[in-house]
Every structure is written in structure tokens, then in C-alpha cells.
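*Asks:* Below is one structure. I have some questions about it.
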Amino acid sequence: MKFQSAVAILASSLLSVDVNVNVNAYSFTPRSAFGVGSAISSNQSIVQVTRSNDRNVNGNSNGTTGMVMKESPSSSDDAKFSISSLFGGNNSKSKANKAATSRSTATLEPHPSARDHISPLNQMSPANIAQAVANGGFVQPSSLPFHPNIHTGVLENGLSYVILPNKSPAGRFEAHLQVFSGSADELEPQQGIAHLTEHVAYMGSRKRERLFGTGSQTNAYTDFHHTVFYAACPTFTPRSNGKTPMLPMALDALCDVMEARVEPSRLEKERAAVLSEMTMVNTIEYRVECQILATLHRENRLAKRFPIGKESLIQTWQTDDVKTWHRTHYRPDNVLLYIVGDVDPKDAERVIDSKFGHITAEKQGSEIKLVDLKPEASNLADSIVSGKNVIKARQSWHYPPVKHEWSSGSNRELEEDFTASLEEEEEHKQIYDLQLQDSYDLDERVEFLKSSKVEGGKKVRPHIFRHELLQAFSLHLFAKRPVEPITDLPSFRRSLARRVALAALQIRLNVGGRSDDPPFTFVEFNQLDSAREGCAICSLDMTAEPHRWKDAVCKSIAEVRKLGIHGVTPSEMERYASALMTDAEQLAAQGDRISNGDQLSYLMETVANGHTFMSPEQSYEITGKALMELTLEEVNDAARDLCSHVTSIHKDAEADDGVLIVTACSPKGADEGSEEYCDEETLLKTVYEACQADVKPEIDIIVPQSLVTEKELQAAIEIHTPEWENGDFSDGTPSTPADKLTRPFTLRRLSNGVRVGVGQNPAESQRGHLRITAPGGRDAEQRLGLKPGSMAVGSRAMQEGGAFGPWTREQVELFCVDHLLMVEINCNEESLVIDFVFPTTNVGNVGFGDDIQLGITGTESVMQIVREIIIGFHWEEDALGRSKQSYRASHESLQKNLEGKSTEAIMESMTDEDDRFLSVDVDTVNNVTLEDAKTAIMSQLQPRNLEISVAGDFDVQEVLDMMLKYVGSISPDANSEFDLEKEEEDISAEKKSLPKVFGSVPVSDTGGEFLELELSDPDPRAIAYVAGSAPNMWGTLADGTTVAERVMAADKSQSDYDQRRRSHPLFANVSLALLSEIINRRLFSNVRERKQLTYDANFSLTGFERLAGGWFLVTVTASIENSQKALEACKETLEVLRKSSRVTADNLESAKRVLINRHSGELRSSSYWATLMSGIQEESIPLKGPLSVTDYTAVVEAITVKDLQLALECLGLDDAELYTAIGRTVIPEGFVIDPEIVKANPMAGMGRGGALMG
């Protein structure tokens, strides 16, 4: 049941390695190549942590949402951006600044790297904006309209800026300073210096430190093409009553970056952090990404200029090296400042000028310390602006200084614009080897493999990467195309045609590709514009079990060829065009409620690629107009172009100059001739043969408009007439009436026992989130005597299935696609959780404009799915097979992952190998039958056991009426044949004696223990852990005592007020959250800053809600040599916090600002509301009730330093209680470096459309 919105089927990854510092938070979350590491939530097993990379250290989401034109291409402005003759600026500098600039430039030499170049504002130059304003929003009659509230400008020193007023949330803004130099701009002896300079510039900023305690967050990241610094702040300083604006302080911090001091002490701290970061990100996943990147961009600089750089160079740089890079690239013409939020544009322009106006390129150039590098930097700058095929100079200053070898399917006019002749290229290379095609002393052992030719002269660039840590086979098939500008209606219509074609293919792969025995375990096809790489990347990514790789390659390529040859069907065209319209409508409805972060992500991507930046309302109008004119022929033309790099490999296809790029990754050690073995020759042959097979057109599937007929529903209502009952709580809140709406949400129970919570959240327009919670989870396996692993495997089998009543899985999945529903089913230690994301408007519509035929609302469609999951779900063997395959692969991969293997070992020790808290091993998975899985899941889907929480932009009464009809008419005895807890004669005495309430986490009799683990891996890495007992999320310890009881017992002098505060149901919850923030900040200050032992250390709590007790876990990555020291430093930090350097008032105040800001921000999310409501009516979470929401801010503000110091003693921090572990890699016995392997520098994984941060 992999239901996904057709317009959100391919979310791009923002994968990062960053300096991530919340200046008001005591939280520093570690990041890996694929996102946040070791963050443990109440919905996740401590050993099965979902990695996410879209949150900052406050826990707030910074990820890009599905904004309009997410995959849209770009355009270029050919006008040169000249420092001496600026265009279109209407900003006036102060006389003092003018005079200072005049005096400084009169006597200084020109900057060695400053050149006239195209404006970084691209389409959004002040001249274009002014012309659009004069013409009613349009530069030309055929152009797309500009956002009516956008402001752009250029200071006299060349610094460009963009300002977008946005009051979501009110009272906050974000300022991002983008420097258009990244690792791709580094000279041979500078590899890694862009990233190191980022660390030194921001972490060493005194003015950034002034933002501490203001509720601000700061961050910085480095990529191939740029370095970005940002500050997200309140509009006014806290407690100033709106009198002290924060914008000047934030811009002071960003300006300080432009004039960074490079102090020896800070350099040493950041050098240590970067070297530790190298170790931290060096996972097998990012090594795979390195291989992909090196093959994909073999013809340009990106293959040799990874952001993390060369360790040998990083270890030797001095302050002059860093300052030379900084002053070369941090100059006004080479930056762009974005300000989005609750600001006045005129005021912001004045502050920008006052803070940045005095900086000049000439002054920056005069402070370059290593004068010997000036000529080389000058040569690089000349080569960038003079090369015909250098996309940075030709198309967008945001792009890296590279050329590309274009693939088939490219826009020929664009391709010719950005392609030099062979003679021109050779002549340019003789002057300066910009694309680093020659060999250099510092190069790794990289073989620049030549492209191979298959029959008909078609070019294929193959590469195989083998490694002992790889578990599965993966194929990555690429085409590179120029980014197309989206500035008028025809180009916008072409982008929509591509999106329709891409959605059709991805849904085919998701729905039809999952046969009874699918050859692949994962597959996706997409094309996204990548500003970081300066091109559009069309990719087919697929994973499979190694022995089935050939079948998987053939099947996935066949689907691509089918789309390219036969196109989409009329019903697919209608389905996905309607989905695009609905998506645009939702964004338009959200309007000015789109968050600052989301607006910034969209704005920066749009500006970088030269697109026209429109408001959601404008985009909705243009989308409707474009879709009215869009034809099936246009969509199939787009499909043909998208797939042409694959279809052109057919022996009868016309020869093409483009290249098909193919990378395969497979486990090392397969015998030649075996099914698992893959080399370049075999890969080429398999791909070529797959491209010769005949493919037939897609056959349309009949998709129901409704899953439940009105006749069925009325019959059910007659048998089980639904009624509402009062909502009951265990936190002291009086029962809520069954006949009245209440705020902030309405809480009731249905007569069949289902608990219901409904809350209105207009912040996410036309969207909703529904969560079904069934308490039990893996704890139920043990408590009810279920087959081990059956809950986990069963929940995944339900996700993989999806047939209901008379409808097949394919029909149900397409019903969900039509109605833009997304469903995710998970089982954790203590509950089964089913999440739905849905639109609240009419969806599944047919036609557009006056001819539209409305379907049912997304809210009603999700109610139908909920009903069918509870009473009509079909359990299928093939779905169970896919579930078991997934769990087997996950467990086997865990054994080859240093973090996973080490965490599993420490959990085994702390839990005495309790299966509830460990991964599901292969033998356990294999033993689960379909009947086992069905019995386990259905035993939890008893109406009296269920709680349904729903929040969104809807009318609460309408949702309650639907809930009453669709869920209330379910019999209270539904699934009673699976009820293992009912008191009946046929239940054995043994099962009767099992407890019907949740127990506790196990308490080990062995006390503290030190573990050492080793993983065979030729690349050195280490990770250390400190762990111990902790309360659960609501303060209950494993022995049944509570944090509140222990705190009050320890404080012999507590007042009546102290007792009342500590008796509040939220006291322990808030205290533990505040302690987490403070401990994380202390770890950062001590282990990273003072001792320089790591890039990052992180403290987290398991956060169980129903089970009594839990654990804390401190995770620290370090070099093998420093791992023991880092572990001891973490222990020292915890001990010092208890005794000699206790919690301070400043610590507490800053942590409070973090929690309150995080809570306020997340209240905009319907998923957060659903999480808050989940468990409120559960007897198994006695302290969670309405007060946990209504009193949250008041309780946070009321907590004292003494509360926290006493609550800290509820953690198992004594040496005798601590569990510690160090996991290290060891060189495999007899290991010899394989000359076939491309040895690339460490870097974070690259995701299309997001930033590669380093």
C-alpha cells in the first residue's frame, strides 16, 4: 500500500554535512551523509532510527516542500554584471559610505579574481522587476508574471539582494548570504579550503555570538558551487516589547562573515572539527554517491573537487591560507543576500546598505596574504568567464564553473549555446585546464574510463563499484541535459508536460512494477534541475538482490522504453494533470501562510536556475491556463525526450552524439560466471539487450471513484447505529461533551469504542493529516504471545499490500493517487501507527474550468480507506514476501554498518537481548507466516483499542459527521476473532494471566558494561556511545517511580508552589526536553569546541510513552585514535553537569526559548497536531491529556534551575550504571587496494535539487 501523491512521488534529498549551530539551543544534532544520525523518537526503535536531513538543531523543518515549479528549469540573462557600471540599482548609499569607498578604491589594485559577469539575480534584476511593475507584472506580454511583493537591488559595491515580505510565521525572518564560490572553485593546493573557511568564518564570528539567547538559529553549508550562511531570527529581540529590531543584528553577523578574522585558535578548532567530520560522513552510502558522482561528471571539475577536500592539505593550512581563499572569493559582486520574513522592504534596504555598503572587492583583494596564488586565481577567473561551454558564465553565476557532455533528449538550441567545438575546447585547455582533465600530483588513483560504443555508434559510459560493505546491487543510469529557462507560458507548459510524464512512469513503477515476485526492491525515475551541478539530471535508480540484477535492469529499462515509445494513456494524462492542478490550488490557498523556510528554498532554487519567481496565486492561474492548452501530444513529446537516452540505444534508432552514463554498485567477492557477478562488459551487454526488447503500450486500469458505496454504508448504519459518547481523560481534565465542539480540538468516543480527536489547522491550506494509533507494537508480541517479529513484518506486509473488498491492490493504489492520498504504516516498540496525508478539497476531478466534474473530497476518500483497513483488508502472500525481503535486507545491511552494528550491540547489552528493542533478524523474519502476520496486526485493530486523530484545514463538524458515518458504523465486534485479550472460555489460562497493560523496559542485572566492536572496512572510522537508564517521555522510570516523585522527595525545602508545579502532568516531559537541549549544548562546547575531539556529539532519549522507563544515548563520532578520548569527554560532560558546573539560569533561559519557538513553529503542521492528540484518550498514557497542549508554554516558563538539577539525577549517570561502547573499523585481513576502484574523497551524498553541504 505504497500510496503517494502523484505530484510528490520523488522528494529530493537535502543531504548535508554542515556547521549547524542553534545559538539559542543546547542541541547539536549529528549528521551523516544521508541526514540526521542517532535521533531517537517515540515512534522509532533505538536500533531502527529513520534518518532525516530536513531539520535543524531546533528540530524545526527546513526541508523544501512540493512548491510550484519544483522541477522547473532555468534561464539566463546575457547582460554582463559589471562592478564599474552597475545596472538598474535604485539604492542610494550614504555619503559617508560613498566617500569611504572612493578613498579605499582610489589607491588599491583591482581584485585579482573580480570579472564582469552575468548578474546573480538572473531574471530578477531590478530593471526587469521595474519593467514588470510598469507592465502589470509582466516584463513582456508573453512572459510569466513576477511575484508582486518581491524587491531586488544592487548596492554600488556590487552586492545584490532579494527581499520577500512574508508573515509566516509572524514576527520572524530569515537572512541567507550566498557566496558563489564552493569546492569547484578551489585551486590544486586549496582542496577543502572552501569548507574549512565556512567553519572558521561563522564559528569565529563575534557578532554571531550576540544572537545567543534571542531565539535565533544560525547555520552554514558548503557545496560545489556556493557557500551559504544564514540566520533565522525573531523580528524583535525577546522581551524588548517590539522596540529593538533583530535585522541589524542578523546582518551584522552575516557582514562579519564577509570580513572574517582568521584567528589561530579558531582555525585549530575548526580544523579538528572538519577532520572529524571526514570520519563521520565516511559511510558506505556516501562512498557509493562518490562513485556515482565521479562517473557522472567525469568530464569536468566536479569529479575532482569534493567539498570535504584533502586531509593532507587540511592538516597543513595556516591562517594565511584560509584568509587568502576568503578574501579572494568573499567579495560583494560574488554574493547574493536573501531576506524573507516579517520585515519592511524599505527598512531592510536601508539596513543592507548600512551594513554591507562599505565592503569593496579592491579592499578584499588587498588583504590576500599568499600573493603567489594571485596569478593562478586570476587565470581561473579568466578561464571561467571566457569559455563558451562554461555554464557558470554562460547561464547562471550560481552554477559551478564546469562544462557538460550532454545526453540525448537535450534542448538542441540550449545545447548549442553551451557547447564549444572540439577545437575551441582544446585551445582553451592549452591555456588553462579548467576541467582538470590532466593528471595532477594530488589526484587520487582515478581512472577516467572512456565511453564505450555499442552497436550503431551509441556511447555508453559504464562504471562498476564493488565493496565488501555493499549488501545489494544498485543501478544508476543518467542523462545530462541543459537546464531550460521557464520564463513564459510555452516553457511553463513544457515543464508541466514533463511532470505529467514523470508522474505516469513513477506510478507505473510503483504500482505495476511490484508484481508477485518483483525483480527490484526499489526503483525511481526522475529529472530534476540541479543548481549545484549546473544541469538537469535525468536518472533511473534501482536496487535489487545481487542474484537478480539482470532481471531488475531489464524490467526497469523496459518501463522507461515503454513510456518513451508509447507515451502516456489519456486517463494517465487526465489523472496527473488534475493532480498538478490540485497541488497548485493548495499552494494558492496557502498563499502568505507558506513558511519563511519554504519560501526561501523555492526562491533560491528559482533564482539560481533563472526561472520567473511567481506567487502561489499567480502560479495557480498560470497552471490552469497552461493545462487548458496542454495536449496529449505535448506530454508524449516530453516523454519521448525524457526517455530518449534509453530508447536511442536500440539498434534501429538514429545515432546520437549524447552519452548514456551507467554506474552499477555490487557486493565484492562474487565469482566470475555466477548470477551475482557484474563487470563493465556484462553490464553493457545487459543494458544493450534490455534496450532491444519489444514493449507494448500501457493498459489502463479501471479506477473506482469511491471505495464504499452509499448502499453499503447505509446497510452498516442500520445494523450498528453509530453514536457519540463523551471524551474521557486521565490527566485530570473533565470529560468533554459528546454534542459540543471544543477548542483547541474536539475529543470524543464513538459507541463502538474508537477514540476520536479532531482539530482545525488552517495554517496548511486544503491539507490534512490523520493518524490511527493502535497501542501494542512489538511489546504486544511478547505480552500476547504472538510470533516474534510478526507485528513488524505484518505492518510492512500491510504497507506492501492494499487490496480491499472487490478492489485489487492496483486499483486501490491508483484511487489513492487520484485522490492525492499518502499512507505510511509503521510498527514501533509500543504501537502500530498508520499515517495519512490528504487534501481536504474535492479531488479526483475530471476536466478543467467550466467543464470540471468534481470528485469526492480527499477527507472523505481517506475515511473510506480507514474503514477498509479496519474491516476489509486482504492479506496477500506476495505482499508478505516483499515485506520479508525488505526486513532481511535491512538486517543484513545492519551487520555491515558501523553505527547500526554498534547501536544494536549496546541495546542487546542494556536490554538483556529483549527482542522488542532489537532489529528483526533473518531467522525471525523467515519464520513469520501470512497467518502469523495477519493475526498479529488484526489483534490490534480492535475498535476499542483504536484512537484516530485528525487535523487539517476543514470544517470540524463535517469531519465529525464523516467519522460517525464511516468509522462509527463499524461493529464493536469487528475483528473479534483475532482478539487475544477478551475474556472467553477458549482462551488458555496462560494467556489470561498475561498483563493487559504495558510493562516496563528491562532492567539489566549486570550494571554498566564496556563493549568493543569491529567492522571490516579498509577506511578508518570509529563511533562511541555512552548510554544508561532514563525515564519515559512522561517521567515514569522502569521501577514505576516518577520524576516528579523523586524530585519532590529530594527537595526537602520545596514550597507549595514548587509542589503544584511539579505535580503538573507536563512537569517531567518538559524537564526532560529542557535537559536534552542543555546537555547537547554542553557536549558541543566541551567535546567539540574545547577538546576538539569530534565534529559532533549528540544526546537523545528513547521517548517511550506507554512503556515504563527508557534509555538515554550519547553518540560521538571520532577518529579511531580519538575515540576513547571522545567517549571519556562525553562521560566527563555528564558528570560535570551533575556536580561542578551545574545548570545555570542562562542555560535554562536559552533552552526555554528553543522549546517554545519549536513548539510554536510546529503548531503550523497538521502532523504535529495529530501527534499531540494521539494518546490523549489512552489509559496507557495517564499523564497525557488536553493539559499537555493547553499548558505547554506556561509549564516551560515555570521550570526552575533546581527542577532540572534534581531531574538530572533520574538518569542512570553513575559509572556503575553506564553502558559504553566503541565501534571501530579494521582493515580486512589480506586487503589489497583494488586498482579498479575509484578512490574518491569523502563527501556527503548528492541529492538532485538540494544542497550538497560540506
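All residue names refer to the C-alpha cells as shown: chains lettered A, B, ... in order, residues numbered from 1 in each chain, ligands numbered from 1 in order.
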Write out as a count of residues only the set of residues from stretch 880-1089 of chain A that DSSP, computed on the backbone, places in alpha helix (DSSP H).
*Replies:* 93
*Asks:* DSSP on the backbone, then: every residue of stretch 941-1091 of chain A marked strand (DSSP E or B), written as a PyMOL selection string.
*Replies:* chain A and resi 947-952+1000+1009-1016+1022-1030+1036+1042
*Asks:* I need the residues from that last selection saved to file as a PDB file, in the first residue's frame (with N, CA and C atoms), if you can.
*Replies:*
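This is the output file selection_2.pdb:
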ATOM      1  N   GLU A 947      -7.373   4.658  18.354  1.00  0.00           N
ATOM      2  CA  GLU A 947      -7.532   6.098  18.507  1.00  0.00           C
ATOM      3  C   GLU A 947      -7.244   6.732  17.157  1.00  0.00           C
ATOM      4  N   ILE A 948      -8.157   7.595  16.709  1.00  0.00           N
ATOM      5  CA  ILE A 948      -7.988   8.274  15.423  1.00  0.00           C
ATOM      6  C   ILE A 948      -7.897   9.765  15.675  1.00  0.00           C
ATOM      7  N   SER A 949      -6.788  10.354  15.261  1.00  0.00           N
ATOM      8  CA  SER A 949      -6.545  11.792  15.446  1.00  0.00           C
ATOM      9  C   SER A 949      -6.407  12.419  14.075  1.00  0.00           C
ATOM     10  N   VAL A 950      -7.160  13.474  13.837  1.00  0.00           N
ATOM     11  CA  VAL A 950      -7.120  14.102  12.519  1.00  0.00           C
ATOM     12  C   VAL A 950      -7.104  15.616  12.677  1.00  0.00           C
ATOM     13  N   ALA A 951      -6.221  16.268  11.929  1.00  0.00           N
ATOM     14  CA  ALA A 951      -6.098  17.728  11.955  1.00  0.00           C
ATOM     15  C   ALA A 951      -5.940  18.226  10.537  1.00  0.00           C
ATOM     16  N   GLY A 952      -6.457  19.413  10.283  1.00  0.00           N
ATOM     17  CA  GLY A 952      -6.299  19.960   8.944  1.00  0.00           C
ATOM     18  C   GLY A 952      -7.165  21.173   8.708  1.00  0.00           C
ATOM     19  N   SER A1000       7.342  -2.544  31.635  1.00  0.00           N
ATOM     20  CA  SER A1000       8.471  -1.623  31.649  1.00  0.00           C
ATOM     21  C   SER A1000       9.568  -2.128  30.732  1.00  0.00           C
ATOM     22  N   GLU A1009      28.587  -1.702  31.462  1.00  0.00           N
ATOM     23  CA  GLU A1009      29.430  -2.608  30.697  1.00  0.00           C
ATOM     24  C   GLU A1009      30.100  -1.821  29.573  1.00  0.00           C
ATOM     25  N   PHE A1010      31.323  -2.193  29.250  1.00  0.00           N
ATOM     26  CA  PHE A1010      32.046  -1.576  28.139  1.00  0.00           C
ATOM     27  C   PHE A1010      32.161  -2.591  27.009  1.00  0.00           C
ATOM     28  N   LEU A1011      31.769  -2.176  25.818  1.00  0.00           N
ATOM     29  CA  LEU A1011      31.790  -3.064  24.654  1.00  0.00           C
ATOM     30  C   LEU A1011      32.736  -2.507  23.603  1.00  0.00           C
ATOM     31  N   GLU A1012      33.429  -3.390  22.928  1.00  0.00           N
ATOM     32  CA  GLU A1012      34.249  -3.013  21.780  1.00  0.00           C
ATOM     33  C   GLU A1012      33.824  -3.858  20.594  1.00  0.00           C
ATOM     34  N   LEU A1013      33.620  -3.198  19.461  1.00  0.00           N
ATOM     35  CA  LEU A1013      33.175  -3.890  18.262  1.00  0.00           C
ATOM     36  C   LEU A1013      34.069  -3.524  17.095  1.00  0.00           C
ATOM     37  N   GLU A1014      34.170  -4.435  16.166  1.00  0.00           N
ATOM     38  CA  GLU A1014      34.980  -4.196  14.981  1.00  0.00           C
ATOM     39  C   GLU A1014      34.176  -4.535  13.728  1.00  0.00           C
ATOM     40  N   LEU A1015      34.414  -3.752  12.700  1.00  0.00           N
ATOM     41  CA  LEU A1015      33.785  -3.983  11.408  1.00  0.00           C
ATOM     42  C   LEU A1015      34.866  -3.931  10.343  1.00  0.00           C
ATOM     43  N   SER A1016      34.943  -4.959   9.523  1.00  0.00           N
ATOM     44  CA  SER A1016      35.946  -4.991   8.458  1.00  0.00           C
ATOM     45  C   SER A1016      35.638  -3.926   7.417  1.00  0.00           C
ATOM     46  N   ALA A1022      35.382   5.438  13.458  1.00  0.00           N
ATOM     47  CA  ALA A1022      35.050   4.994  14.812  1.00  0.00           C
ATOM     48  C   ALA A1022      33.833   5.761  15.305  1.00  0.00           C
ATOM     49  N   ILE A1023      33.095   5.109  16.173  1.00  0.00           N
ATOM     50  CA  ILE A1023      31.949   5.739  16.802  1.00  0.00           C
ATOM     51  C   ILE A1023      31.888   5.249  18.241  1.00  0.00           C
ATOM     52  N   ALA A1024      31.545   6.127  19.164  1.00  0.00           N
ATOM     53  CA  ALA A1024      31.492   5.768  20.585  1.00  0.00           C
ATOM     54  C   ALA A1024      30.129   6.118  21.155  1.00  0.00           C
ATOM     55  N   TYR A1025      29.748   5.371  22.196  1.00  0.00           N
ATOM     56  CA  TYR A1025      28.445   5.560  22.823  1.00  0.00           C
ATOM     57  C   TYR A1025      28.582   5.579  24.334  1.00  0.00           C
ATOM     58  N   VAL A1026      27.769   6.415  24.949  1.00  0.00           N
ATOM     59  CA  VAL A1026      27.557   6.372  26.396  1.00  0.00           C
ATOM     60  C   VAL A1026      26.044   6.268  26.576  1.00  0.00           C
ATOM     61  N   ALA A1027      25.599   5.270  27.331  1.00  0.00           N
ATOM     62  CA  ALA A1027      24.159   5.045  27.463  1.00  0.00           C
ATOM     63  C   ALA A1027      23.822   4.651  28.887  1.00  0.00           C
ATOM     64  N   GLY A1028      22.564   4.811  29.227  1.00  0.00           N
ATOM     65  CA  GLY A1028      22.114   4.433  30.554  1.00  0.00           C
ATOM     66  C   GLY A1028      20.614   4.540  30.673  1.00  0.00           C
ATOM     67  N   SER A1029      20.099   4.224  31.835  1.00  0.00           N
ATOM     68  CA  SER A1029      18.658   4.229  32.054  1.00  0.00           C
ATOM     69  C   SER A1029      18.123   5.651  32.115  1.00  0.00           C
ATOM     70  N   ALA A1030      16.837   5.795  31.780  1.00  0.00           N
ATOM     71  CA  ALA A1030      16.182   7.099  31.788  1.00  0.00           C
ATOM     72  C   ALA A1030      14.686   6.880  31.986  1.00  0.00           C
ATOM     73  N   THR A1036       8.035   8.399  33.828  1.00  0.00           N
ATOM     74  CA  THR A1036       7.943   7.153  34.589  1.00  0.00           C
ATOM     75  C   THR A1036       9.200   6.325  34.371  1.00  0.00           C
ATOM     76  N   THR A1042       8.289   7.937  39.576  1.00  0.00           N
ATOM     77  CA  THR A1042       8.240   9.003  38.578  1.00  0.00           C
ATOM     78  C   THR A1042       9.251  10.093  38.888  1.00  0.00           C
TER      79      THR A1042
END
*Asks:* Considering only C-alpha atoms, can you say which of A:Ala889, A:Ala472, A:Leu337, A:Ala670 comes closest to A:Thr543?
*Replies:* A:Ala472
*Asks:* Leaving out A:Ala1073 and any residue of its chain fewer than 2 positions from it, which residues lie within 10 Å of it when counting only C-alpha atoms, given as a tab-separated table (two decimals) with C-alpha atoms, in the first residue's frame?
*Replies:*
chain	number	residue	atom	x	y	z
A	1033	MET	CA	8.64	10.61	27.90
A	1068	ALA	CA	8.63	15.64	33.70
A	1069	ASN	CA	8.02	15.84	29.94
A	1070	VAL	CA	9.16	19.45	29.76
A	1071	SER	CA	12.03	18.98	32.22
A	1075	LEU	CA	17.71	18.82	29.90
A	1076	SER	CA	18.23	17.34	26.44
A	1077	GLU	CA	18.81	20.80	25.00
A	1078	ILE	CA	21.23	21.76	27.75
A	1100	SER	CA	18.95	11.68	22.88
A	1101	LEU	CA	16.20	9.90	24.82
A	1103	GLY	CA	10.97	8.76	24.47
A	1151	ALA	CA	16.72	26.13	26.37
A	1152	LYS	CA	13.27	27.54	27.13
A	1155	LEU	CA	11.38	24.68	23.18
A	1196	VAL	CA	8.08	25.55	30.14
*Asks:* For A:Arg743, please output as a PyMOL selection string all residues within 12 Å (counting only C-alpha atoms; exclusion window: fewer than 3 positions along the same chain).
*Replies:* chain A and resi 736+740+746-747+757-761+956+1186-1187+1189-1190
*Asks:* Give me a file of those residues, with N, CA and C atoms, as a short mmCIF file (atom, residue, chain, number, x, y, z; two decimals), in the first residue's frame.
*Replies:*
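Contents of selection.cif, as written:
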data_model
loop_
_atom_site.label_atom_id
_atom_site.label_comp_id
_atom_site.auth_asym_id
_atom_site.auth_seq_id
_atom_site.Cartn_x
_atom_site.Cartn_y
_atom_site.Cartn_z
N THR A 736 -15.15 15.68 28.03
CA THR A 736 -15.70 16.60 27.04
C THR A 736 -17.04 16.09 26.57
N LYS A 740 -20.89 18.79 21.70
CA LYS A 740 -20.38 20.15 21.53
C LYS A 740 -18.96 20.12 20.98
N THR A 746 -11.59 18.88 19.36
CA THR A 746 -12.76 18.17 19.86
C THR A 746 -12.39 16.72 20.09
N LEU A 747 -12.62 16.23 21.31
CA LEU A 747 -12.24 14.87 21.69
C LEU A 747 -13.48 14.12 22.16
N GLY A 757 -10.16 12.30 17.93
CA GLY A 757 -9.76 13.68 18.18
C GLY A 757 -9.71 14.42 16.87
N VAL A 758 -10.33 15.60 16.82
CA VAL A 758 -10.37 16.39 15.58
C VAL A 758 -9.96 17.82 15.90
N GLY A 759 -9.00 18.35 15.15
CA GLY A 759 -8.54 19.71 15.34
C GLY A 759 -8.44 20.45 14.02
N GLN A 760 -8.83 21.71 14.03
CA GLN A 760 -8.74 22.52 12.82
C GLN A 760 -7.40 23.24 12.78
N ASN A 761 -6.72 23.16 11.63
CA ASN A 761 -5.43 23.84 11.44
C ASN A 761 -5.41 24.51 10.08
N VAL A 956 -14.72 21.28 11.18
CA VAL A 956 -14.64 20.21 12.18
C VAL A 956 -15.93 19.40 12.21
N PRO A 1186 -5.47 16.78 27.53
CA PRO A 1186 -5.56 18.13 26.95
C PRO A 1186 -4.61 19.14 27.58
N LEU A 1187 -4.30 18.96 28.87
CA LEU A 1187 -3.39 19.90 29.53
C LEU A 1187 -1.99 19.89 28.90
N VAL A 1189 -1.27 20.10 25.98
CA VAL A 1189 -1.25 21.06 24.88
C VAL A 1189 -1.55 22.46 25.40
N THR A 1190 -2.61 22.59 26.16
CA THR A 1190 -3.05 23.93 26.58
C THR A 1190 -2.07 24.60 27.54
#
*Asks:* Considering only C-alpha atoms, state which residue in the set A:Ala1221, A:Ile1181, A:Arg1153, A:Glu405 is at the smallest distance from A:Leu1113.
*Replies:* A:Ala1221
*Asks:* Any idea what the distance is between atom CA of A:Cys691 and atom CA of A:Cys554?
*Replies:* 8.0 Å
*Asks:* Between A:Thr152, A:Arg115, A:Trp807, A:Val351, which one has atoms that come closest to A:Ala130, using only C-alpha atoms?
*Replies:*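 Among the listed residues, the smallest separation from A:Ala130 belongs to A:Thr152.
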*Asks:* Which neighbours of stretch 387-390 of chain A fall inside 12 Å, counting only C-alpha atoms, when residues of the same chain fewer than 2 positions from it are skipped, and could you give them as number ranges by chain?
*Replies:* A: 300-301, 380-385, 392-397, 399-406, 414-429, 431-435, 482, 533-535
*Asks:* Smallest atom-to-atom distance to A:Val511: which of A:Ala780, A:Ile772, A:Leu814, A:Ile464, using only C-alpha atoms?
*Replies:*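 Of A:Ala780, A:Ile772, A:Leu814, A:Ile464, the one nearest A:Val511 is A:Leu814, counting only C-alpha atoms.
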*Asks:* Do you know which residues are at most 7 Å from stretch 180-193 of chain A counting only C-alpha atoms, after dropping those on the same chain fewer than 5 positions away, and could you put them as a list in words?
*Replies:*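 Surrounding residues, per the criterion: Thr222, Asp223, Phe224, His225, His226, Thr227, Arg301, Leu302, Arg305, Phe306, Pro307, Ile308, Gly309, Lys310, Ile314, Val322, His329, Asn334, Val335, His398, Pro400 and Pro401 of chain A.
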*Asks:* Please list as a PyMOL selection string every residue within 10 Å of A:Glu689, counting only C-alpha atoms and excluding residues in the same chain fewer than 4 positions away.
*Replies:* chain A and resi 554+649-651+683-685+693
*Asks:* What's the separation between atom CA of A:Val568 and atom CA of A:Met798, in Å to one decimal place?
*Replies:* 29.3 Å
*Asks:* Which one is closest to A:Ser619: A:Gln217, A:Thr582, A:Gln291, A:Ser595? Count only C-alpha atoms.
*Replies:* A:Thr582
*Asks:* Kindly indicate which residue among A:Ala253, A:Thr1102, A:Asn752, A:Arg466 lies nearest to A:Ile717, using only C-alpha atoms for the distances.
*Replies:* A:Asn752
